[in-house]
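Chemist: Questions regarding the structure given below will be posed in turn.
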Amino acid sequence: MQKSLTLFQKILLSLIIIFLLIMVSDLLLQYFFDISLFCGELIIPLAVVGILSLYVFYSRKPLFMLVLFSIIISFVLIFANLTKGGATASRRAITASEYSIEVRPHSYSIIRYYAVAEKIVAVKKSDAFFNPDSKTGIDLGYQVKIRKETPDSLFIEINSGLHQTDGLKKSSLWQKSQINRVD
């Protein structure tokens, strides 16, 4: 007869499962709605709970394997979330707004911040940030200001190699961006 779990073991197992559910929820939200949860802050608590759980469940082989599998999957999902912009992307906050801009050599994305998540509201092809003399292909001396915002549109001013004003159609919170993404 196998003895039941202690309260401490139940709490650790519950925390591991909650972390895993948050990571899977983040993956599904990114895939269906372009919404990303702020999972980067979970690295340290996940590491502490994970190491403690591995130590506590070492003698219980099935639970040990479950915890190990959950921790590995969670860290892979956190790593994928933190590196999704790629090596050639540059992200900056747009001053005096709840938006940031993620710039690539031939496109850019506007990202809106919410309490515990961020949402890609617009993606547009543009060479406004392209610099062929840079290693990344991006002109890092750019500045972006929001000129006007309506419920369905955003008008920004881009000061870089090319000075231009651009208009973008925003997508709502629970809507996948209809624009073809460029990476």
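In the structure tokens, each chain is lettered A, B, ... as it comes, each chain's residues begin at 1, and ligands are numbered from 1 in order of appearance.
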Residues at most 6 Å from segment 34-49 of chain A, counting only C-alpha atoms, excluding those fewer than 4 positions away in the same chain, as a PyMOL selection string?

Modeler: chain A and resi 26+29-30+53+116-120+176

Chemist: Since we have the selection now, will you write its residues out, keeping N, CA and C atoms, as an mmCIF file, in the first residue's frame?

Modeler:
```
data_model
loop_
_atom_site.group_PDB
_atom_site.id
_atom_site.type_symbol
_atom_site.label_atom_id
_atom_site.label_comp_id
_atom_site.auth_asym_id
_atom_site.auth_seq_id
_atom_site.Cartn_x
_atom_site.Cartn_y
_atom_site.Cartn_z
ATOM 1 N N ASP A 26 -0.416 30.177 -22.565
ATOM 2 C CA ASP A 26 0.332 31.188 -23.320
ATOM 3 C C ASP A 26 0.553 30.728 -24.756
ATOM 4 N N LEU A 29 -2.815 30.954 -26.624
ATOM 5 C CA LEU A 29 -3.181 32.350 -26.867
ATOM 6 C C LEU A 29 -2.326 32.968 -27.967
ATOM 7 N N GLN A 30 -1.043 32.633 -27.998
ATOM 8 C CA GLN A 30 -0.183 33.148 -29.068
ATOM 9 C C GLN A 30 -0.600 32.604 -30.415
ATOM 10 N N SER A 53 10.766 20.337 -5.870
ATOM 11 C CA SER A 53 9.890 19.203 -6.198
ATOM 12 C C SER A 53 10.686 17.983 -6.618
ATOM 13 N N VAL A 116 -1.467 41.693 -17.686
ATOM 14 C CA VAL A 116 -0.608 40.513 -17.589
ATOM 15 C C VAL A 116 -0.280 39.932 -18.954
ATOM 16 N N ALA A 117 -0.529 40.702 -19.998
ATOM 17 C CA ALA A 117 -0.307 40.177 -21.346
ATOM 18 C C ALA A 117 0.071 41.299 -22.301
ATOM 19 N N GLU A 118 0.494 40.894 -23.476
ATOM 20 C CA GLU A 118 0.751 41.826 -24.558
ATOM 21 C C GLU A 118 0.133 41.258 -25.820
ATOM 22 N N LYS A 119 -0.321 42.142 -26.716
ATOM 23 C CA LYS A 119 -1.027 41.725 -27.920
ATOM 24 C C LYS A 119 -0.432 42.431 -29.124
ATOM 25 N N ILE A 120 -0.133 41.678 -30.175
ATOM 26 C CA ILE A 120 0.305 42.269 -31.430
ATOM 27 C C ILE A 120 -0.942 42.825 -32.103
ATOM 28 N N LYS A 176 -7.365 37.558 -34.216
ATOM 29 C CA LYS A 176 -6.048 37.289 -34.801
ATOM 30 C C LYS A 176 -5.803 38.345 -35.862
#
```

Chemist: Can you tell me, as a list in words, what residues are no more than 9 Å from Ile16 of chain A when counting only C-alpha atoms, ignoring any on the same chain fewer than 2 positions away?

Modeler: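 Everything that qualifies: Ile11, Leu12, Leu13, Ser14, Ile18, Phe19, Leu20, Leu21, Leu46, Val49, Gly50, Ser53, Val67, Ser70 and Ile71 of chain A.
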
Chemist: Could you name the residues that touch Ser171 of chain A at 12 Å or less, counting only C-alpha atoms, but leaving out those on the same chain fewer than 6 positions away, as an mmCIF file with all heavy atoms, in the first residue's frame?

Modeler:
```
data_model
loop_
_atom_site.group_PDB
_atom_site.id
_atom_site.type_symbol
_atom_site.label_atom_id
_atom_site.label_comp_id
_atom_site.auth_asym_id
_atom_site.auth_seq_id
_atom_site.Cartn_x
_atom_site.Cartn_y
_atom_site.Cartn_z
ATOM 1 N N PHE A 33 -4.645 34.001 -31.012
ATOM 2 C CA PHE A 33 -5.031 35.402 -30.886
ATOM 3 C C PHE A 33 -3.875 36.397 -30.880
ATOM 4 O O PHE A 33 -4.092 37.573 -30.638
ATOM 5 C CB PHE A 33 -5.831 35.609 -29.590
ATOM 6 C CG PHE A 33 -7.084 34.794 -29.514
ATOM 7 C CD1 PHE A 33 -7.186 33.743 -28.617
ATOM 8 C CD2 PHE A 33 -8.158 35.059 -30.341
ATOM 9 C CE1 PHE A 33 -8.340 32.989 -28.538
ATOM 10 C CE2 PHE A 33 -9.310 34.309 -30.271
ATOM 11 C CZ PHE A 33 -9.396 33.263 -29.359
ATOM 12 N N ASP A 34 -2.641 35.988 -31.079
ATOM 13 C CA ASP A 34 -1.469 36.871 -31.008
ATOM 14 C C ASP A 34 -1.347 37.550 -29.653
ATOM 15 O O ASP A 34 -0.878 38.678 -29.548
ATOM 16 C CB ASP A 34 -1.506 37.943 -32.105
ATOM 17 C CG ASP A 34 -1.175 37.400 -33.472
ATOM 18 O OD1 ASP A 34 -0.457 36.391 -33.537
ATOM 19 O OD2 ASP A 34 -1.625 37.985 -34.469
ATOM 20 N N ILE A 35 -1.777 36.881 -28.589
ATOM 21 C CA ILE A 35 -1.664 37.402 -27.227
ATOM 22 C C ILE A 35 -0.571 36.618 -26.525
ATOM 23 O O ILE A 35 -0.526 35.395 -26.599
ATOM 24 C CB ILE A 35 -2.987 37.266 -26.449
ATOM 25 C CG1 ILE A 35 -4.081 38.092 -27.120
ATOM 26 C CG2 ILE A 35 -2.812 37.675 -24.999
ATOM 27 C CD1 ILE A 35 -5.450 37.875 -26.527
ATOM 28 N N SER A 109 6.058 45.543 -36.085
ATOM 29 C CA SER A 109 4.837 45.161 -35.380
ATOM 30 C C SER A 109 4.585 46.166 -34.275
ATOM 31 O O SER A 109 5.524 46.616 -33.616
ATOM 32 C CB SER A 109 4.971 43.783 -34.743
ATOM 33 O OG SER A 109 5.355 42.821 -35.674
ATOM 34 N N ILE A 110 3.340 46.502 -34.059
ATOM 35 C CA ILE A 110 2.945 47.349 -32.936
ATOM 36 C C ILE A 110 2.320 46.423 -31.888
ATOM 37 O O ILE A 110 1.434 45.624 -32.193
ATOM 38 C CB ILE A 110 1.934 48.432 -33.366
ATOM 39 C CG1 ILE A 110 2.514 49.303 -34.479
ATOM 40 C CG2 ILE A 110 1.506 49.262 -32.168
ATOM 41 C CD1 ILE A 110 3.693 50.147 -34.068
ATOM 42 N N ILE A 111 2.794 46.536 -30.655
ATOM 43 C CA ILE A 111 2.376 45.657 -29.572
ATOM 44 C C ILE A 111 1.757 46.504 -28.473
ATOM 45 O O ILE A 111 2.337 47.509 -28.058
ATOM 46 C CB ILE A 111 3.581 44.867 -29.031
ATOM 47 C CG1 ILE A 111 4.167 44.022 -30.159
ATOM 48 C CG2 ILE A 111 3.193 44.009 -27.849
ATOM 49 C CD1 ILE A 111 5.589 43.674 -29.983
ATOM 50 N N ARG A 112 0.577 46.102 -28.008
ATOM 51 C CA ARG A 112 -0.092 46.816 -26.928
ATOM 52 C C ARG A 112 0.045 46.013 -25.642
ATOM 53 O O ARG A 112 -0.092 44.785 -25.636
ATOM 54 C CB ARG A 112 -1.567 47.003 -27.247
ATOM 55 C CG ARG A 112 -2.266 47.769 -26.158
ATOM 56 C CD ARG A 112 -3.649 48.136 -26.518
ATOM 57 N NE ARG A 112 -4.209 48.887 -25.410
ATOM 58 C CZ ARG A 112 -5.410 49.363 -25.390
ATOM 59 N NH1 ARG A 112 -6.187 49.199 -26.423
ATOM 60 N NH2 ARG A 112 -5.847 50.022 -24.344
ATOM 61 N N LYS A 119 -0.321 42.142 -26.716
ATOM 62 C CA LYS A 119 -1.027 41.725 -27.920
ATOM 63 C C LYS A 119 -0.432 42.431 -29.124
ATOM 64 O O LYS A 119 -0.222 43.643 -29.107
ATOM 65 C CB LYS A 119 -2.503 42.102 -27.791
ATOM 66 C CG LYS A 119 -3.308 42.118 -29.066
ATOM 67 C CD LYS A 119 -3.925 40.789 -29.325
ATOM 68 C CE LYS A 119 -4.903 40.837 -30.478
ATOM 69 N NZ LYS A 119 -4.439 40.230 -31.660
ATOM 70 N N ILE A 120 -0.133 41.678 -30.175
ATOM 71 C CA ILE A 120 0.305 42.269 -31.430
ATOM 72 C C ILE A 120 -0.942 42.825 -32.103
ATOM 73 O O ILE A 120 -1.835 42.071 -32.483
ATOM 74 C CB ILE A 120 0.995 41.228 -32.332
ATOM 75 C CG1 ILE A 120 2.245 40.690 -31.653
ATOM 76 C CG2 ILE A 120 1.324 41.839 -33.686
ATOM 77 C CD1 ILE A 120 2.905 39.545 -32.390
ATOM 78 N N VAL A 121 -1.044 44.151 -32.213
ATOM 79 C CA VAL A 121 -2.245 44.763 -32.774
ATOM 80 C C VAL A 121 -2.104 45.080 -34.257
ATOM 81 O O VAL A 121 -3.107 45.252 -34.937
ATOM 82 C CB VAL A 121 -2.661 46.033 -31.998
ATOM 83 C CG1 VAL A 121 -3.089 45.678 -30.590
ATOM 84 C CG2 VAL A 121 -1.577 47.065 -31.984
ATOM 85 N N ALA A 122 -0.874 45.175 -34.746
ATOM 86 C CA ALA A 122 -0.698 45.471 -36.167
ATOM 87 C C ALA A 122 0.684 45.018 -36.618
ATOM 88 O O ALA A 122 1.658 45.117 -35.879
ATOM 89 C CB ALA A 122 -0.868 46.957 -36.425
ATOM 90 N N VAL A 123 0.752 44.529 -37.852
ATOM 91 C CA VAL A 123 2.008 44.136 -38.482
ATOM 92 C C VAL A 123 2.006 44.763 -39.872
ATOM 93 O O VAL A 123 1.001 44.712 -40.570
ATOM 94 C CB VAL A 123 2.120 42.594 -38.604
ATOM 95 C CG1 VAL A 123 3.415 42.205 -39.290
ATOM 96 C CG2 VAL A 123 2.020 41.934 -37.247
ATOM 97 N N THR A 150 -7.445 55.974 -33.133
ATOM 98 C CA THR A 150 -8.891 55.776 -33.153
ATOM 99 C C THR A 150 -9.146 54.342 -32.681
ATOM 100 O O THR A 150 -8.203 53.565 -32.550
ATOM 101 C CB THR A 150 -9.462 55.982 -34.576
ATOM 102 O OG1 THR A 150 -8.908 55.010 -35.442
ATOM 103 C CG2 THR A 150 -9.148 57.383 -35.093
ATOM 104 N N PRO A 151 -10.398 53.981 -32.441
ATOM 105 C CA PRO A 151 -10.650 52.605 -31.985
ATOM 106 C C PRO A 151 -10.155 51.523 -32.936
ATOM 107 O O PRO A 151 -9.816 50.427 -32.497
ATOM 108 C CB PRO A 151 -12.172 52.552 -31.842
ATOM 109 C CG PRO A 151 -12.574 53.963 -31.594
ATOM 110 C CD PRO A 151 -11.616 54.805 -32.374
ATOM 111 N N ASP A 152 -10.097 51.815 -34.233
ATOM 112 C CA ASP A 152 -9.672 50.783 -35.174
ATOM 113 C C ASP A 152 -8.403 51.124 -35.941
ATOM 114 O O ASP A 152 -7.928 50.316 -36.727
ATOM 115 C CB ASP A 152 -10.790 50.456 -36.151
ATOM 116 C CG ASP A 152 -11.170 51.643 -37.022
ATOM 117 O OD1 ASP A 152 -10.871 52.783 -36.626
ATOM 118 O OD2 ASP A 152 -11.745 51.421 -38.105
ATOM 119 N N SER A 153 -7.812 52.292 -35.712
ATOM 120 C CA SER A 153 -6.600 52.691 -36.440
ATOM 121 C C SER A 153 -5.598 53.363 -35.525
ATOM 122 O O SER A 153 -5.951 53.900 -34.482
ATOM 123 C CB SER A 153 -6.942 53.652 -37.576
ATOM 124 O OG SER A 153 -7.795 53.042 -38.498
ATOM 125 N N LEU A 154 -4.356 53.325 -35.960
ATOM 126 C CA LEU A 154 -3.262 53.949 -35.229
ATOM 127 C C LEU A 154 -2.383 54.664 -36.247
ATOM 128 O O LEU A 154 -1.978 54.066 -37.239
ATOM 129 C CB LEU A 154 -2.471 52.866 -34.495
ATOM 130 C CG LEU A 154 -1.386 53.278 -33.528
ATOM 131 C CD1 LEU A 154 -1.988 54.035 -32.357
ATOM 132 C CD2 LEU A 154 -0.660 52.055 -33.015
ATOM 133 N N SER A 177 -4.583 38.845 -35.928
ATOM 134 C CA SER A 177 -4.231 39.861 -36.904
ATOM 135 C C SER A 177 -4.438 39.313 -38.316
ATOM 136 O O SER A 177 -3.969 38.230 -38.648
ATOM 137 C CB SER A 177 -2.780 40.288 -36.700
ATOM 138 O OG SER A 177 -2.456 41.320 -37.573
ATOM 139 N N GLN A 178 -5.148 40.051 -39.150
ATOM 140 C CA GLN A 178 -5.462 39.611 -40.500
ATOM 141 C C GLN A 178 -4.326 39.891 -41.472
ATOM 142 O O GLN A 178 -4.354 39.470 -42.612
ATOM 143 C CB GLN A 178 -6.724 40.318 -41.004
ATOM 144 C CG GLN A 178 -7.941 40.031 -40.159
ATOM 145 C CD GLN A 178 -8.311 38.561 -40.149
ATOM 146 O OE1 GLN A 178 -8.196 37.879 -41.146
ATOM 147 N NE2 GLN A 178 -8.757 38.070 -39.002
ATOM 148 N N ILE A 179 -3.323 40.597 -41.046
ATOM 149 C CA ILE A 179 -2.216 40.982 -41.907
ATOM 150 C C ILE A 179 -1.260 39.820 -42.026
ATOM 151 O O ILE A 179 -0.970 39.121 -41.058
ATOM 152 C CB ILE A 179 -1.499 42.221 -41.331
ATOM 153 C CG1 ILE A 179 -2.500 43.363 -41.211
ATOM 154 C CG2 ILE A 179 -0.321 42.618 -42.165
ATOM 155 C CD1 ILE A 179 -2.014 44.522 -40.413
#
```

Chemist: Taking the backbone alone, and naming residues the way the document does, which bits of chain A are strand (DSSP E or B) by DSSP, as a PyMOL selection string?

Modeler: chain A and resi 35-37+90-93+99-104+107-113+117-125+130+138+143-149+153-159+163-169
